[in-house]
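Shown next: query-v8.json, containing JSON, C-alpha atoms.
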[["chain", "number", "residue", "atom", "x", "y", "z"],
["A", 1, "MET", "CA", -61.64, 0.34, -27.59],
["A", 2, "PRO", "CA", -60.67, 3.75, -26.31],
["A", 3, "TYR", "CA", -58.19, 3.85, -23.50],
["A", 4, "GLN", "CA", -59.16, 5.80, -20.37],
["A", 5, "THR", "CA", -56.37, 7.89, -18.91],
["A", 6, "PRO", "CA", -55.61, 7.56, -15.19],
["A", 7, "THR", "CA", -57.19, 10.93, -14.55],
["A", 8, "GLY", "CA", -60.30, 9.92, -16.42],
["A", 9, "ARG", "CA", -59.85, 12.82, -18.82],
["A", 10, "GLY", "CA", -59.70, 12.27, -22.55],
["A", 11, "SER", "CA", -59.07, 9.02, -24.39],
["A", 12, "ARG", "CA", -56.64, 7.59, -26.93],
["A", 13, "LEU", "CA", -56.52, 4.58, -29.23],
["A", 14, "ALA", "CA", -55.20, 1.22, -28.03],
["A", 15, "GLY", "CA", -52.22, 1.65, -30.37],
["A", 16, "ASP", "CA", -51.14, 4.63, -28.27],
["A", 17, "HIS", "CA", -51.12, 2.58, -25.08],
["A", 18, "PRO", "CA", -47.54, 2.31, -23.65],
["A", 19, "ALA", "CA", -47.86, -1.46, -23.11],
["A", 20, "PHE", "CA", -49.07, -1.94, -26.69],
["A", 21, "PHE", "CA", -46.16, 0.10, -28.01],
["A", 22, "ALA", "CA", -43.67, -1.98, -25.99],
["A", 23, "ARG", "CA", -45.09, -5.25, -27.35],
["A", 24, "GLN", "CA", -44.95, -4.00, -30.92],
["A", 25, "TRP", "CA", -41.33, -2.90, -30.48],
["A", 26, "ALA", "CA", -40.34, -6.31, -29.06],
["A", 27, "LEU", "CA", -41.96, -8.10, -32.04],
["A", 28, "THR", "CA", -40.20, -5.79, -34.51],
["A", 29, "ALA", "CA", -36.81, -6.27, -32.83],
["A", 30, "ARG", "CA", -37.27, -10.05, -32.85],
["A", 31, "ALA", "CA", -38.12, -10.04, -36.53],
["A", 32, "MET", "CA", -35.06, -7.90, -37.29],
["A", 33, "LEU", "CA", -32.63, -10.02, -35.23],
["A", 34, "PRO", "CA", -31.45, -12.44, -37.98],
["A", 35, "PRO", "CA", -30.69, -9.67, -40.51],
["A", 36, "LEU", "CA", -28.90, -7.67, -37.82],
["A", 37, "CYS", "CA", -26.78, -10.70, -36.89],
["A", 38, "LEU", "CA", -25.93, -11.26, -40.54],
["A", 39, "LEU", "CA", -24.96, -7.62, -40.91],
["A", 40, "ALA", "CA", -22.73, -7.88, -37.84],
["A", 41, "LEU", "CA", -21.00, -10.94, -39.28],
["A", 42, "LEU", "CA", -20.43, -9.19, -42.58],
["A", 43, "LYS", "CA", -18.79, -6.33, -40.72],
["A", 44, "LEU", "CA", -16.29, -8.61, -38.94],
["A", 45, "PRO", "CA", -12.66, -7.98, -39.94],
["A", 46, "SER", "CA", -11.33, -10.10, -42.74],
["A", 47, "ALA", "CA", -8.96, -11.82, -40.27],
["A", 48, "ALA", "CA", -11.95, -13.90, -39.13],
["A", 49, "TRP", "CA", -12.04, -15.67, -42.51],
["A", 50, "ALA", "CA", -9.00, -17.72, -43.47],
["A", 51, "ASP", "CA", -8.41, -18.74, -47.07],
["A", 52, "CYS", "CA", -5.43, -21.04, -47.43],
["A", 53, "ALA", "CA", -5.56, -20.60, -51.21],
["A", 54, "ASP", "CA", -4.76, -16.89, -50.95],
["A", 55, "PRO", "CA", -1.35, -15.98, -52.38],
["A", 56, "PRO", "CA", 1.31, -14.65, -49.98],
["A", 57, "GLY", "CA", 0.90, -10.97, -49.28],
["A", 58, "GLN", "CA", 0.78, -8.33, -46.59],
["A", 59, "ARG", "CA", -1.85, -9.15, -43.92],
["A", 60, "VAL", "CA", -2.75, -12.45, -45.59],
["A", 61, "ASN", "CA", -4.76, -14.76, -43.35],
["A", 62, "TRP", "CA", -3.51, -18.35, -43.26],
["A", 63, "LEU", "CA", -4.92, -19.24, -39.86],
["A", 64, "ARG", "CA", -4.35, -22.98, -39.23],
["A", 65, "CYS", "CA", -3.37, -23.53, -42.88],
["A", 66, "ASP", "CA", -1.21, -26.50, -43.85],
["A", 67, "LYS", "CA", 1.76, -25.34, -45.96],
["A", 68, "PRO", "CA", 4.76, -27.56, -45.23],
["A", 69, "ASP", "CA", 7.82, -27.10, -47.48],
["A", 70, "ALA", "CA", 6.33, -23.88, -48.91],
["A", 71, "ASP", "CA", 8.74, -21.68, -50.89],
["A", 72, "LEU", "CA", 8.20, -18.15, -49.53],
["A", 73, "GLN", "CA", 11.68, -16.73, -49.98],
["A", 74, "GLY", "CA", 11.55, -12.94, -50.00],
["A", 75, "ALA", "CA", 7.75, -12.93, -49.59],
["A", 76, "ASP", "CA", 5.99, -9.90, -48.08],
["A", 77, "LEU", "CA", 4.06, -11.31, -45.11],
["A", 78, "ARG", "CA", 4.03, -8.23, -42.94],
["A", 79, "GLU", "CA", 1.26, -8.32, -40.29],
["A", 80, "ALA", "CA", 0.09, -11.66, -41.69],
["A", 81, "VAL", "CA", -2.12, -13.97, -39.61],
["A", 82, "LEU", "CA", -0.11, -17.19, -39.46],
["A", 83, "THR", "CA", -1.39, -18.44, -36.14],
["A", 84, "GLN", "CA", -1.14, -22.23, -35.76],
["A", 85, "VAL", "CA", -0.02, -22.55, -39.39],
["A", 86, "ASN", "CA", 2.07, -25.53, -40.48],
["A", 87, "LEU", "CA", 5.18, -24.22, -42.26],
["A", 88, "ALA", "CA", 7.52, -27.06, -41.36],
["A", 89, "ASN", "CA", 10.68, -26.98, -43.49],
["A", 90, "ALA", "CA", 9.38, -23.90, -45.34],
["A", 91, "LYS", "CA", 11.80, -21.59, -47.15],
["A", 92, "LEU", "CA", 11.38, -18.06, -45.76],
["A", 93, "ALA", "CA", 14.87, -16.67, -46.29],
["A", 94, "GLY", "CA", 14.73, -12.91, -46.71],
["A", 95, "ALA", "CA", 10.98, -12.81, -46.12],
["A", 96, "ARG", "CA", 9.36, -9.77, -44.50],
["A", 97, "LEU", "CA", 7.32, -10.80, -41.45],
["A", 98, "SER", "CA", 7.30, -7.65, -39.31],
["A", 99, "GLY", "CA", 4.28, -7.67, -37.02],
["A", 100, "ALA", "CA", 3.19, -11.12, -38.22],
["A", 101, "ASP", "CA", 1.49, -13.49, -35.79],
["A", 102, "LEU", "CA", 2.98, -16.99, -35.86],
["A", 103, "GLY", "CA", 1.83, -17.96, -32.39],
["A", 104, "GLY", "CA", 1.49, -21.71, -31.86],
["A", 105, "SER", "CA", 2.74, -22.45, -35.36],
["A", 106, "THR", "CA", 4.73, -25.48, -36.49],
["A", 107, "LEU", "CA", 7.95, -24.13, -38.04],
["A", 108, "THR", "CA", 10.26, -27.07, -37.49],
["A", 109, "GLY", "CA", 13.26, -26.84, -39.80],
["A", 110, "ALA", "CA", 12.01, -23.63, -41.43],
["A", 111, "ASP", "CA", 14.63, -21.31, -42.94],
["A", 112, "PHE", "CA", 14.26, -17.66, -41.85],
["A", 113, "ALA", "CA", 17.83, -16.65, -42.72],
["A", 114, "ASN", "CA", 18.12, -12.86, -43.07],
["A", 115, "ALA", "CA", 14.34, -12.52, -42.72],
["A", 116, "THR", "CA", 12.76, -9.50, -41.01],
["A", 117, "LEU", "CA", 10.60, -10.43, -38.01],
["A", 118, "THR", "CA", 10.63, -7.14, -36.12],
["A", 119, "ASN", "CA", 7.89, -7.19, -33.44],
["A", 120, "ALA", "CA", 6.65, -10.53, -34.79],
["A", 121, "ARG", "CA", 4.81, -12.89, -32.44],
["A", 122, "LEU", "CA", 6.08, -16.47, -32.18],
["A", 123, "VAL", "CA", 4.69, -17.36, -28.75],
["A", 124, "SER", "CA", 4.70, -21.14, -28.15],
["A", 125, "ALA", "CA", 5.82, -21.78, -31.75],
["A", 126, "LYS", "CA", 7.60, -25.05, -32.59],
["A", 127, "LEU", "CA", 10.96, -24.09, -34.12],
["A", 128, "GLU", "CA", 13.23, -27.09, -33.67],
["A", 129, "ASN", "CA", 16.24, -26.87, -36.00],
["A", 130, "ALA", "CA", 14.89, -23.64, -37.52],
["A", 131, "VAL", "CA", 17.38, -21.20, -39.08],
["A", 132, "PHE", "CA", 17.31, -17.51, -38.13],
["A", 133, "ALA", "CA", 20.90, -16.68, -39.03],
["A", 134, "GLY", "CA", 21.21, -12.94, -39.60],
["A", 135, "ALA", "CA", 17.48, -12.37, -39.05],
["A", 136, "SER", "CA", 16.16, -9.04, -37.75],
["A", 137, "MET", "CA", 13.95, -9.90, -34.76],
["A", 138, "ALA", "CA", 14.11, -6.84, -32.53],
["A", 139, "GLY", "CA", 11.13, -6.69, -30.18],
["A", 140, "ALA", "CA", 9.86, -10.12, -31.25],
["A", 141, "ARG", "CA", 7.90, -12.26, -28.78],
["A", 142, "LEU", "CA", 9.07, -15.86, -28.41],
["A", 143, "ASP", "CA", 7.78, -16.66, -24.94],
["A", 144, "ARG", "CA", 7.66, -20.44, -24.37],
["A", 145, "ALA", "CA", 8.75, -21.09, -27.97],
["A", 146, "MET", "CA", 10.61, -24.34, -28.70],
["A", 147, "LEU", "CA", 13.95, -23.71, -30.45],
["A", 148, "PRO", "CA", 16.22, -26.62, -29.61],
["A", 149, "ARG", "CA", 19.22, -26.79, -31.96],
["A", 150, "ALA", "CA", 18.02, -23.70, -33.81],
["A", 151, "ASN", "CA", 20.53, -21.46, -35.57],
["A", 152, "LEU", "CA", 20.21, -17.81, -34.50],
["A", 153, "SER", "CA", 23.80, -16.80, -35.19],
["A", 154, "ASN", "CA", 24.25, -13.06, -35.74],
["A", 155, "ALA", "CA", 20.49, -12.46, -35.43],
["A", 156, "ASN", "CA", 19.20, -9.25, -33.86],
["A", 157, "LEU", "CA", 16.88, -10.03, -30.94],
["A", 158, "SER", "CA", 17.42, -6.82, -29.01],
["A", 159, "GLY", "CA", 14.55, -6.14, -26.64],
["A", 160, "ALA", "CA", 12.89, -9.44, -27.54],
["A", 161, "ARG", "CA", 10.79, -11.46, -25.11],
["A", 162, "LEU", "CA", 11.97, -15.05, -24.66],
["A", 163, "TYR", "CA", 10.46, -15.96, -21.30],
["A", 164, "GLN", "CA", 10.78, -19.72, -20.67],
["A", 165, "VAL", "CA", 12.01, -20.26, -24.23],
["A", 166, "ASP", "CA", 13.76, -23.56, -25.01],
["A", 167, "LEU", "CA", 17.12, -22.91, -26.73],
["A", 168, "THR", "CA", 18.77, -26.20, -25.83],
["A", 169, "GLY", "CA", 21.86, -26.71, -27.95],
["A", 170, "ALA", "CA", 21.05, -23.64, -30.07],
["A", 171, "ASN", "CA", 23.67, -21.68, -31.99],
["A", 172, "LEU", "CA", 23.52, -18.08, -30.74],
["A", 173, "SER", "CA", 27.02, -17.02, -31.70],
["A", 174, "GLY", "CA", 27.22, -13.28, -32.26],
["A", 175, "VAL", "CA", 23.53, -12.81, -31.52],
["A", 176, "ASN", "CA", 22.26, -9.47, -30.22],
["A", 177, "LEU", "CA", 20.10, -10.12, -27.15],
["A", 178, "SER", "CA", 20.69, -6.78, -25.45],
["A", 179, "GLN", "CA", 17.85, -5.84, -23.08],
["A", 180, "ALA", "CA", 16.08, -9.12, -23.96],
["A", 181, "ASN", "CA", 13.96, -11.01, -21.43],
["A", 182, "LEU", "CA", 15.28, -14.57, -21.08],
["A", 183, "ALA", "CA", 14.00, -15.20, -17.57],
["A", 184, "GLN", "CA", 13.72, -18.95, -16.86],
["A", 185, "ALA", "CA", 14.95, -19.73, -20.37],
["A", 186, "ASN", "CA", 16.57, -23.07, -21.11],
["A", 187, "LEU", "CA", 19.98, -22.50, -22.72],
["A", 188, "LEU", "CA", 21.53, -25.86, -21.87],
["A", 189, "ASP", "CA", 24.58, -26.49, -24.09],
["A", 190, "ALA", "CA", 23.84, -23.33, -26.09],
["A", 191, "ARG", "CA", 26.63, -21.55, -27.95],
["A", 192, "LEU", "CA", 26.71, -17.83, -27.17],
["A", 193, "SER", "CA", 30.27, -16.87, -28.03],
["A", 194, "ASP", "CA", 30.63, -13.14, -28.74],
["A", 195, "ALA", "CA", 26.90, -12.64, -28.05],
["A", 196, "ASP", "CA", 25.60, -9.29, -26.82],
["A", 197, "LEU", "CA", 23.59, -9.92, -23.66],
["A", 198, "SER", "CA", 24.10, -6.50, -22.12],
["A", 199, "GLY", "CA", 21.20, -5.61, -19.84],
["A", 200, "ALA", "CA", 19.50, -8.93, -20.56],
["A", 201, "ASP", "CA", 17.33, -10.65, -17.95],
["A", 202, "LEU", "CA", 18.51, -14.24, -17.41],
["A", 203, "THR", "CA", 17.01, -14.62, -13.96],
["A", 204, "ARG", "CA", 16.76, -18.32, -13.04],
["A", 205, "ALA", "CA", 17.77, -19.32, -16.55],
["A", 206, "VAL", "CA", 19.50, -22.63, -17.23],
["A", 207, "LEU", "CA", 22.85, -22.13, -18.98],
["A", 208, "GLU", "CA", 24.53, -25.33, -17.87],
["A", 209, "ASP", "CA", 27.55, -26.15, -20.07],
["A", 210, "ALA", "CA", 26.80, -23.16, -22.32],
["A", 211, "VAL", "CA", 29.65, -21.36, -24.10],
["A", 212, "LEU", "CA", 29.79, -17.58, -23.53],
["A", 213, "THR", "CA", 33.38, -16.87, -24.49],
["A", 214, "GLY", "CA", 33.86, -13.21, -25.30],
["A", 215, "ALA", "CA", 30.20, -12.46, -24.61],
["A", 216, "ASN", "CA", 29.04, -9.02, -23.47],
["A", 217, "LEU", "CA", 27.07, -9.44, -20.23],
["A", 218, "ARG", "CA", 27.44, -5.92, -18.88],
["A", 219, "GLY", "CA", 24.58, -5.24, -16.46],
["A", 220, "ALA", "CA", 22.95, -8.60, -17.18],
["A", 221, "ARG", "CA", 20.83, -10.31, -14.55],
["A", 222, "LEU", "CA", 21.93, -13.87, -13.85],
["A", 223, "ASP", "CA", 20.64, -14.10, -10.29],
["A", 224, "GLY", "CA", 19.48, -17.58, -9.38],
["A", 225, "ALA", "CA", 20.67, -18.93, -12.74],
["A", 226, "ASN", "CA", 22.18, -22.37, -13.32],
["A", 227, "LEU", "CA", 25.71, -21.62, -14.58],
["A", 228, "LEU", "CA", 27.25, -25.02, -13.93],
["A", 229, "GLY", "CA", 30.16, -25.63, -16.29],
["A", 230, "VAL", "CA", 29.60, -22.40, -18.25],
["A", 231, "ASP", "CA", 32.61, -21.08, -20.15],
["A", 232, "PHE", "CA", 32.87, -17.30, -19.50],
["A", 233, "THR", "CA", 36.41, -17.03, -20.85],
["A", 234, "GLY", "CA", 37.09, -13.42, -21.87],
["A", 235, "ALA", "CA", 33.46, -12.40, -21.21],
["A", 236, "ASP", "CA", 32.54, -8.95, -19.87],
["A", 237, "LEU", "CA", 30.45, -9.28, -16.69],
["A", 238, "THR", "CA", 30.82, -5.68, -15.56],
["A", 239, "SER", "CA", 28.01, -4.81, -13.10],
["A", 240, "ALA", "CA", 26.27, -8.13, -13.85],
["A", 241, "ASN", "CA", 24.25, -9.77, -11.06],
["A", 242, "LEU", "CA", 25.14, -13.39, -10.20],
["A", 243, "ALA", "CA", 23.53, -13.42, -6.74],
["A", 244, "GLY", "CA", 22.46, -16.93, -5.80],
["A", 245, "ALA", "CA", 23.66, -18.40, -9.09],
["A", 246, "ARG", "CA", 25.27, -21.86, -9.23],
["A", 247, "ILE", "CA", 28.75, -21.63, -10.75],
["A", 248, "ASP", "CA", 30.37, -24.99, -9.96],
["A", 249, "GLY", "CA", 32.77, -25.85, -12.78],
["A", 250, "ALA", "CA", 32.29, -22.48, -14.52],
["A", 251, "GLN", "CA", 35.35, -20.87, -16.12],
["A", 252, "PHE", "CA", 36.06, -17.16, -15.70],
["A", 253, "THR", "CA", 39.53, -17.01, -17.25],
["A", 254, "GLY", "CA", 40.16, -13.44, -18.37],
["A", 255, "ALA", "CA", 36.55, -12.47, -17.63],
["A", 256, "THR", "CA", 35.94, -8.87, -16.55],
["A", 257, "LEU", "CA", 34.25, -8.84, -13.14],
["A", 258, "ASP", "CA", 34.32, -5.10, -12.50],
["A", 259, "SER", "CA", 31.66, -4.26, -9.86],
["A", 260, "THR", "CA", 29.95, -7.61, -10.52],
["A", 261, "ILE", "CA", 27.55, -8.80, -7.81],
["A", 262, "TRP", "CA", 28.94, -12.22, -6.95],
["A", 263, "VAL", "CA", 27.03, -15.38, -6.01],
["A", 264, "ASP", "CA", 27.43, -14.57, -2.28],
["A", 265, "ARG", "CA", 26.00, -11.06, -2.96],
["A", 266, "ARG", "CA", 29.30, -9.22, -2.37],
["A", 267, "ARG", "CA", 30.31, -6.73, -5.04],
["A", 268, "CYS", "CA", 33.58, -7.47, -6.82],
["A", 269, "ARG", "CA", 36.19, -4.72, -6.69],
["A", 270, "PRO", "CA", 36.61, -2.53, -9.75],
["A", 271, "GLY", "CA", 39.30, -3.99, -11.96],
["A", 272, "SER", "CA", 38.62, -7.60, -10.98],
["A", 273, "VAL", "CA", 39.54, -10.00, -13.77],
["A", 274, "GLY", "CA", 39.19, -13.78, -13.72],
["A", 275, "GLU", "CA", 38.07, -13.87, -10.08],
["A", 276, "CYS", "CA", 35.96, -11.74, -7.78],
["A", 277, "ARG", "CA", 38.20, -9.79, -5.45]]

As structure tokens, the full file:
Amino acid sequence: MPYQTPTGRGSRLAGDHPAFFARQWALTARAMLPPLCLLALLKLPSAAWADCADPPGQRVNWLRCDKPDADLQGADLREAVLTQVNLANAKLAGARLSGADLGGSTLTGADFANATLTNARLVSAKLENAVFAGASMAGARLDRAMLPRANLSNANLSGARLYQVDLTGANLSGVNLSQANLAQANLLDARLSDADLSGADLTRAVLEDAVLTGANLRGARLDGANLLGVDFTGADLTSANLAGARIDGAQFTGATLDSTIWVDRRRCRPGSVGECR
């Protein structure tokens, strides 16, 4: 039937009625919804689809894959998706993992010796007894990672994030942790002889019975830290902050305490060695 305009002038077909047009559009959109959803899924990045059978390669997606004891020595896994993967006891010596995401992964006993993990993400990863000797890990994120008894000797972790990391009994001899964030980290019984911790944040960290002989702690923050029984023999604590730290039983023989902020918040005199004067 013809449609009468509000003014009473002229007429148009029912198909031209605004309400009719709206209903037709709604029906068309509903009919098109499944194909549109399918198209959207097809356009999702490949990272959404994990294939554990894929060979190792740059940006490979092994999300939640089970690959214990895998031999990946020297493999190129740059920017790979390895989130929650199981690589326990895997061989990754010399592998390239820059920008890779290993968050929440099981890497117990894995060997990353001399591997490159620059800016890699290992948040909350399980790394008990893992080996990172000589690894390049500048800028890596290891917040809340579990690394008890891990070997990180001579590794480069400059600028890395290790907030609340567990490094109980770990070997960190000669490691580069300059400007790293180790706030509230657990370094109980850790070995840090000759380590570079200049400018590092160790606020409220636990270093009880740790060995820091010859370590570089220039400008490091150790305020509120547990330093009970720590061996600082020959360490450089120039301008470091020990305000509120617990130092019962700690050894400072031959340690440089030039302008160090002491536990009672007084600044040590320039030239202080072995004791804060």

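The smallest atom-to-atom distance between Ser198 in chain A and any of A:Ala155, A:Ala185, A:Arg161, A:Leu237, using all atoms listed in the file, is found for A:Leu237.
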
> CA of Ala220 in chain A and CA of Asp201 in chain A are how many Å apart?
Replying inline: 6.0 Å

> Using all atoms listed in the file, which residues sit within 10 Å of Pro56 in chain A once same-chain residues fewer than 2 positions away are excluded, as a PyMOL selection string?
Replying inline: chain A and resi 52-54+58-62+72+75-78+80

>> Please return as a count of residues only every residue within 10 Å of (37.8, -15.2, -9.5), taking into account only C-alpha atoms and the file's own coordinates.
In response: 15

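Of the residues listed (A:Thr203, A:Thr106, A:Thr168, A:Asn151), A:Thr106 shows the shortest atom-to-atom separation from Gln84 in chain A; distances use all atoms listed in the file.
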
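With all atoms listed in the file as the atoms that count, the residue of A:Asp196, A:Thr260, A:Ala215, A:Asp209 with the shortest distance to Asp248 in chain A is A:Asp209.
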
Selection near Asn154 in chain A, 9 Å with all atoms listed in the file, sequence-local residues under 6 positions removed, as a CSV table (one decimal) with C-alpha atoms, keeping the file's coordinate frame:
chain,number,residue,atom,x,y,z
A,132,PHE,CA,17.3,-17.5,-38.1
A,133,ALA,CA,20.9,-16.7,-39.0
A,134,GLY,CA,21.2,-12.9,-39.6
A,135,ALA,CA,17.5,-12.4,-39.0
A,172,LEU,CA,23.5,-18.1,-30.7
A,173,SER,CA,27.0,-17.0,-31.7
A,174,GLY,CA,27.2,-13.3,-32.3
A,175,VAL,CA,23.5,-12.8,-31.5
A,176,ASN,CA,22.3,-9.5,-30.2
A,195,ALA,CA,26.9,-12.6,-28.0

> Excluding same-chain residues fewer than 6 positions from Asn129 in chain A, what lies within 6 Å of it counting only C-alpha atoms, as an MDAnalysis selection string?
Replying inline: chainID A and resid 109 149:150
